[in-house]
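Notes for the one structure printed next.
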There are 2 protein chains.
Amino acid sequence: MELSERKKKLLAAIVERYIATGEPVGSKSLVESLGMSVSSATVRNEMAELSALGLLEQPHTSAGRIPSELGYRYYVDHLMGQYELSPNEKRLIEAKLAPASGDVQKVLESAGNILSEMTRCAAVSTTPADDAAVVRRVELVPIGTRTAMIVMLTSSGILKSRVCKTFGEITVDMAESFYNIVNANFIGKPAAAMHIAKIQTLAVSLGEKSLDMTPLLVALADVAAMTERTELLLEGQSNLLGYKEYAENAYELIEFLRHGEMLGQIFSGYTNSGKSAPQVLIGQENRFRELQNSSMVFDNYEIAGHESGTLGLIGPTRMDYARLIPSLRYLTEIVGKMLSDTVEE
Amino acid sequence: MELSERKKKLLAAIVERYIATGEPVGSKSLVESLGMSVSSATVRNEMAELSALGLLEQPHTSAGRIPSELGYRYYVDHLMGQYELSPNEKRLIEAKLAPASGDVQKVLESAGNILSEMTRCAAVSTTPADDAAVVRRVELVPIGTRTAMIVMLTSSGILKSRVCKTFGEITVDMAESFYNIVNANFIGKPAAAMHIAKIQTLAVSLGEKSLDMTPLLVALADVAAMTERTELLLEGQSNLLGYKEYAENAYELIEFLRHGEMLGQIFSGYTNSGKSAPQVLIGQENRFRELQNSSMVFDNYEIAGHESGTLGLIGPTRMDYARLIPSLRYLTEIVGKMLSDTVEE
DNA sequence: GTTAGCACTCTTTAGTATCGAGTGCTAACT
DNA sequence: AGTTAGCACTCGATACTAAAGAGTGCTAAC
């Protein structure tokens, strides 16, 4: 669809004004605000044509125009300028993120917080997942006489730990057996292999040692499950309450986000491959009814070169795409960098 | 204030109906629903007297009555029956909580989730704090050649860990120095002693080893700070959106909760000492304007006999006190038990 | 291709009438 | 003295109407 320069200019202006104010924009005020040298009637003709093309719509006959979803799409694909983050903003973001370094959850939580504050949208992120990841390291850390912490690191840099209690005292002997079992059965293999069934078979073969060992092994299976399961973090849902479009039904959307299974599905359907920009899904482009009044922008972050998890923003279809997209892109970049840090060698 | 039996019965009925429906209750429907043998006029007289006592109020002249804050207070203090949780419910709660065991955050998060789902209120909790706690154990866990995890356990059972990176490889020698420093300076002392200034002094005295050691010590200070800082967790704020009383201003309250400093202040002003039941603050009894249309119920959980942190619920003044309070009490009890688990010996 | 002019549409706001739930009071009853 | 029937009164909710205003679409002229 090729538009004249003037139509492009008008469409962009309408989208941007509507994003800023949430009010339908009329021909007269548009001419004024753009300082155009044509009259409102001319603009009105242009707007009628843009409507005919499906790029604008009217809430009702006598109101101004608002962008249709197609209009947003055109804007995003062809018209939108992208604000570059200032070095200052970048520094600020990094400073806010820094204290979280070393802890995946915290990094993502901070990132979500930063994004939601910058954009007044709800931010969502998933913890890294990597099917190909294998167990790289397991440590048994004594905490008390009958308490230990099990730490596990995977090849994709995910680090998880869990405390467990044993029935008897934890002896050097036990620790040794534990490491033997781990080295023989799990190191270098996928975390999925550390399944509870496998643990049971092992426990049987241990004979009398089994009683002492089982709690440790069960905890180990648990940690393994933790490294595999991707979690979904939400921040700033309350931002959505500020938009009139959610006046009535904010609850529905927020509940939808809270039970995040669906979001996981959406994310897993996309990769960055080919596309350089974040994915943008506008209104009905979303598969789920609950999101069809909203837009979603999301992007995968990479840990050590592998796409691992996702950062996303959800807000009304009139979200400020031109600002969101660069912000999101920058945060995925820097989150990826921070999380890659644990993967060395 | 001593009321006749009939007045008590009426007040309780009015409070409970209003809690259930959110609609002012009128004399006629009240007589019906209670199956009383007196006429609505009689009840009307009684209600007028309860109004005169300040226990009921009218949204407007021609509406039914709703409880005043004083009315709720009287109900909570004298009239309310407390539902005991069924063994079945208790078992369900424990089952939901069990997988989180060993991780303070997760336990509190689950507890908050359970509470907010049971009560349709917002749940808030604070992580344990104990000024008298001392460092009981510190471990350095190697994760990679230049990555290590520092684990710290305090006498109050708080366990925190953090990953850090060093400049050079982590040698056995380094680990030994680290443990020496820790044993000599920190074990058995309050976590607060592990302040960044102290770390700096230490670093200086280390001479050439300092370069390698500093990242570890800084991380240590960081972990110490983590054990001391109490965090505030929120769950189920979105429940509040369902109440008509928050139709317009849910945003304000939710934002207030999100910036949780204030809540911390409130909690720290109360201890369970003497009072056995959870604390109940109704409407204006709250110090902060943002909470004065709401009620708050909270209770401290105990780790190994010491009051450590708080679980609370926040909702409209017409919250279901009779249900909330036993639920909250049971959860503080069981959360305390679970968290005491790490403190042994 | 552009523009002034104007009739037309449709929301918003205000004003008015009606309805009904619920009260408060009085007077009568037990 | 406590209870009750009866009734006037209040005030929100609902519906309807009228007027105002923003913005359009169209026509005819530039």
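Every chain in the structure tokens takes a letter, A first, then B, and so on in the order presented; its residues are numbered from 1, and the ligands are numbered from 1 following the presented order.
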Quick one: residues within 12 Å of C:DC25, only C-alpha atoms (C1' of nucleotides) counted, chain neighbours fewer than 5 positions away excluded, as a list in words?
Ala41, Arg44 and Asn45 of chain B; DG6, DC7, DA8 and DC9 of chain D
Could you make a table, as a Markdown table, of the residues of chain A that have an atom within 8 Å of an atom of chain B, each with its nearest atom pair and distance in Å to one decimal, counting only C-alpha atoms, in chain and number order?
```
| residue | atom | partner | partner_atom | distance |
| --- | --- | --- | --- | --- |
| A:Gly102 | CA | B:Val163 | CA | 5.1 |
| A:Asp103 | CA | B:Arg162 | CA | 7.1 |
| A:Arg137 | CA | B:Ile143 | CA | 7.2 |
| A:Glu139 | CA | B:Val141 | CA | 7.4 |
| A:Val141 | CA | B:Glu139 | CA | 7.4 |
| A:Ile143 | CA | B:Arg137 | CA | 7.2 |
| A:Gly144 | CA | B:Glu344 | CA | 7.4 |
| A:Thr147 | CA | B:Thr342 | CA | 7.2 |
| A:Leu153 | CA | B:Ile143 | CA | 7.3 |
| A:Arg162 | CA | B:Gly102 | CA | 6.6 |
| A:Val163 | CA | B:Gly102 | CA | 5.0 |
| A:Cys164 | CA | B:Gly102 | CA | 6.7 |
| A:Ser238 | CA | B:Tyr251 | CA | 6.7 |
| A:Leu241 | CA | B:Tyr251 | CA | 6.2 |
| A:Gly242 | CA | B:Tyr251 | CA | 7.4 |
| A:Tyr251 | CA | B:Leu241 | CA | 6.2 |
| A:Ile254 | CA | B:Ser238 | CA | 7.0 |
| A:Glu255 | CA | B:Ser238 | CA | 7.4 |
| A:Thr342 | CA | B:Thr147 | CA | 7.2 |
| A:Glu344 | CA | B:Gly144 | CA | 7.5 |
```
Give me, as a Markdown table, each residue of chain C that comes within 9 Å of chain B, together with its shortest interatomic pair and the distance in Å at one decimal, counting only C-alpha atoms (C1' of nucleotides), with rows ordered by chain and rising residue number.
```
| residue | atom | partner | partner_atom | distance |
| --- | --- | --- | --- | --- |
| C:DA21 | C1' | B:Ala63 | CA | 7.1 |
| C:DG22 | C1' | B:Ser62 | CA | 5.1 |
| C:DT23 | C1' | B:Ser62 | CA | 5.5 |
| C:DG24 | C1' | B:Arg44 | CA | 8.8 |
```
For atom CA of A:Ile199 and atom CA of B:Ala95, the interatomic separation in Å (one decimal)
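Atom CA of B:Ala95 lies at a distance of 21.9 Å from atom CA of A:Ile199.
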Tell me the residues of chain D close to chain B, meaning within 12 Å using only C-alpha atoms (C1' of nucleotides), as a PyMOL selection string.
chain D and resi 2-6+9-12
Which neighbours of D:DG21 fall inside 12 Å, counting only C-alpha atoms (C1' of nucleotides), when residues of the same chain fewer than 5 positions from it are skipped, and could you give them as an MDAnalysis selection string?
(chainID A and resid 62:63) or (chainID C and resid 9:13)
Those same residues - N, CA and C atoms (P, O5', C5', C4', C3', O3' and C1' of nucleotides) - I'd like them written as an mmCIF file, in the first residue's frame.
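To be explicit, this is the file written out as again02.cif:
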```cif
data_model
loop_
_atom_site.group_PDB
_atom_site.id
_atom_site.type_symbol
_atom_site.label_atom_id
_atom_site.label_comp_id
_atom_site.auth_asym_id
_atom_site.auth_seq_id
_atom_site.Cartn_x
_atom_site.Cartn_y
_atom_site.Cartn_z
ATOM 1 N N SER A 62 -19.810 11.518 13.952
ATOM 2 C CA SER A 62 -19.467 12.921 14.171
ATOM 3 C C SER A 62 -18.245 13.108 15.055
ATOM 4 N N ALA A 63 -17.446 12.088 15.164
ATOM 5 C CA ALA A 63 -16.236 12.229 15.984
ATOM 6 C C ALA A 63 -15.026 12.335 15.074
ATOM 7 P P DT C 9 -28.874 13.235 9.484
ATOM 8 O "O5'" DT C 9 -27.683 12.672 10.356
ATOM 9 C "C5'" DT C 9 -26.431 12.388 9.758
ATOM 10 C "C4'" DT C 9 -25.446 12.004 10.843
ATOM 11 C "C3'" DT C 9 -26.072 11.254 12.006
ATOM 12 O "O3'" DT C 9 -25.231 10.177 12.327
ATOM 13 C "C1'" DT C 9 -24.932 13.161 12.794
ATOM 14 P P DC C 10 -25.782 8.983 13.197
ATOM 15 O "O5'" DC C 10 -25.020 9.276 14.564
ATOM 16 C "C5'" DC C 10 -23.609 9.492 14.537
ATOM 17 C "C4'" DC C 10 -23.188 10.054 15.859
ATOM 18 C "C3'" DC C 10 -23.948 9.433 17.043
ATOM 19 O "O3'" DC C 10 -23.037 9.179 18.074
ATOM 20 C "C1'" DC C 10 -24.071 11.759 17.144
ATOM 21 P P DT C 11 -23.429 8.309 19.322
ATOM 22 O "O5'" DT C 11 -22.671 9.115 20.464
ATOM 23 C "C5'" DT C 11 -21.268 9.327 20.340
ATOM 24 C "C4'" DT C 11 -20.881 10.544 21.152
ATOM 25 C "C3'" DT C 11 -21.125 10.402 22.652
ATOM 26 O "O3'" DT C 11 -19.941 10.773 23.349
ATOM 27 C "C1'" DT C 11 -22.132 12.380 21.837
ATOM 28 P P DT C 12 -19.861 10.512 24.913
ATOM 29 O "O5'" DT C 12 -20.158 11.951 25.514
ATOM 30 C "C5'" DT C 12 -19.764 13.101 24.779
ATOM 31 C "C4'" DT C 12 -20.159 14.347 25.551
ATOM 32 C "C3'" DT C 12 -20.437 14.134 27.037
ATOM 33 O "O3'" DT C 12 -19.877 15.221 27.766
ATOM 34 C "C1'" DT C 12 -22.354 15.069 25.992
ATOM 35 P P DT C 13 -19.830 15.221 29.350
ATOM 36 O "O5'" DT C 13 -20.958 16.264 29.752
ATOM 37 C "C5'" DT C 13 -21.032 17.509 29.066
ATOM 38 C "C4'" DT C 13 -22.318 18.221 29.438
ATOM 39 C "C3'" DT C 13 -22.758 17.983 30.885
ATOM 40 O "O3'" DT C 13 -22.846 19.237 31.559
ATOM 41 C "C1'" DT C 13 -24.568 17.663 29.365
#
```
Could you pull out the residues in stretch 75-275 of chain A that DSSP calls strand (DSSP E or B) from the backbone, as a PyMOL selection string?
chain A and resi 122-126+134-142+147-154+159-165+190+232-235
Export of the given selection (N, CA and C atoms) as a tab-separated table (two decimals), in the first residue's frame:
```tsv
chain	number	residue	atom	x	y	z
A	122	ALA	N	2.54	-2.86	31.14
A	122	ALA	CA	2.88	-4.02	31.95
A	122	ALA	C	4.05	-4.73	31.29
A	123	ALA	N	5.02	-5.12	32.11
A	123	ALA	CA	6.18	-5.81	31.56
A	123	ALA	C	6.12	-7.27	31.95
A	124	VAL	N	6.56	-8.11	31.06
A	124	VAL	CA	6.57	-9.54	31.36
A	124	VAL	C	7.89	-10.11	30.88
A	125	SER	N	8.40	-11.07	31.60
A	125	SER	CA	9.64	-11.68	31.16
A	125	SER	C	9.63	-13.16	31.51
A	126	THR	N	10.37	-13.92	30.76
A	126	THR	CA	10.50	-15.34	31.09
A	126	THR	C	11.94	-15.63	31.45
A	134	VAL	N	22.96	-28.81	29.49
A	134	VAL	CA	23.31	-29.98	30.29
A	134	VAL	C	23.82	-29.54	31.65
A	135	VAL	N	23.83	-30.45	32.58
A	135	VAL	CA	24.32	-30.17	33.92
A	135	VAL	C	25.83	-29.97	33.87
A	136	ARG	N	26.28	-28.85	34.34
A	136	ARG	CA	27.71	-28.63	34.27
A	136	ARG	C	28.35	-28.87	35.62
A	137	ARG	N	27.63	-28.54	36.63
A	137	ARG	CA	28.25	-28.61	37.94
A	137	ARG	C	27.19	-28.78	39.01
A	138	VAL	N	27.50	-29.57	40.01
A	138	VAL	CA	26.62	-29.73	41.15
A	138	VAL	C	27.47	-29.63	42.41
A	139	GLU	N	26.98	-28.88	43.36
A	139	GLU	CA	27.72	-28.76	44.63
A	139	GLU	C	26.78	-29.04	45.79
A	140	LEU	N	27.37	-29.67	46.80
A	140	LEU	CA	26.63	-29.94	48.03
A	140	LEU	C	27.25	-29.06	49.11
A	141	VAL	N	26.50	-28.11	49.59
A	141	VAL	CA	27.05	-27.17	50.57
A	141	VAL	C	26.44	-27.45	51.94
A	142	PRO	N	27.27	-27.83	52.90
A	142	PRO	CA	26.75	-28.09	54.23
A	142	PRO	C	26.32	-26.78	54.89
A	147	THR	N	21.42	-30.21	57.57
A	147	THR	CA	20.87	-29.37	56.51
A	147	THR	C	21.96	-29.14	55.47
A	148	ALA	N	21.57	-29.18	54.22
A	148	ALA	CA	22.54	-28.91	53.16
A	148	ALA	C	21.86	-28.16	52.05
A	149	MET	N	22.69	-27.49	51.28
A	149	MET	CA	22.16	-26.78	50.14
A	149	MET	C	22.75	-27.42	48.91
A	150	ILE	N	21.89	-27.63	47.94
A	150	ILE	CA	22.37	-28.21	46.69
A	150	ILE	C	22.34	-27.14	45.62
A	151	VAL	N	23.47	-27.00	44.96
A	151	VAL	CA	23.62	-25.95	43.95
A	151	VAL	C	23.87	-26.60	42.61
A	152	MET	N	23.25	-26.10	41.60
A	152	MET	CA	23.43	-26.71	40.29
A	152	MET	C	23.61	-25.63	39.23
A	153	LEU	N	24.56	-25.86	38.34
A	153	LEU	CA	24.82	-24.93	37.25
A	153	LEU	C	24.68	-25.67	35.94
A	154	THR	N	23.96	-25.09	34.99
A	154	THR	CA	23.84	-25.74	33.68
A	154	THR	C	24.73	-25.04	32.67
A	159	LEU	N	21.72	-20.96	37.27
A	159	LEU	CA	22.22	-21.41	38.56
A	159	LEU	C	21.04	-21.49	39.52
A	160	LYS	N	20.83	-22.65	40.09
A	160	LYS	CA	19.71	-22.80	41.02
A	160	LYS	C	20.19	-23.52	42.27
A	161	SER	N	19.51	-23.24	43.36
A	161	SER	CA	19.89	-23.94	44.58
A	161	SER	C	18.66	-24.22	45.40
A	162	ARG	N	18.83	-25.13	46.33
A	162	ARG	CA	17.71	-25.54	47.16
A	162	ARG	C	18.26	-26.11	48.47
A	163	VAL	N	17.55	-25.84	49.53
A	163	VAL	CA	17.96	-26.38	50.83
A	163	VAL	C	17.24	-27.69	51.06
A	164	CYS	N	17.92	-28.64	51.67
A	164	CYS	CA	17.21	-29.86	52.06
A	164	CYS	C	17.70	-30.37	53.40
A	165	LYS	N	16.87	-31.15	54.01
A	165	LYS	CA	17.20	-31.71	55.33
A	165	LYS	C	17.35	-33.21	55.21
A	190	PRO	N	21.65	-33.93	30.18
A	190	PRO	CA	20.59	-32.93	30.33
A	190	PRO	C	19.95	-33.00	31.72
A	232	LEU	N	7.61	-17.12	34.73
A	232	LEU	CA	7.13	-15.91	34.10
A	232	LEU	C	7.04	-14.81	35.14
A	233	LEU	N	7.68	-13.71	34.89
A	233	LEU	CA	7.65	-12.62	35.85
A	233	LEU	C	6.84	-11.45	35.29
A	234	LEU	N	6.05	-10.85	36.15
A	234	LEU	CA	5.24	-9.71	35.74
A	234	LEU	C	5.60	-8.48	36.55
A	235	GLU	N	5.63	-7.36	35.91
A	235	GLU	CA	5.85	-6.11	36.64
A	235	GLU	C	4.94	-5.03	36.08
```
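Here atom CA of A:Glu261 stands at a distance of 19.9 Å from atom CA of B:Ser116.
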Return as a ChimeraX atom specification the full set of residues in stretch 97-218 of chain B whose backbone-based DSSP assignment is alpha helix (DSSP H).
/B:97,104-119,172-185,196-205,210-218
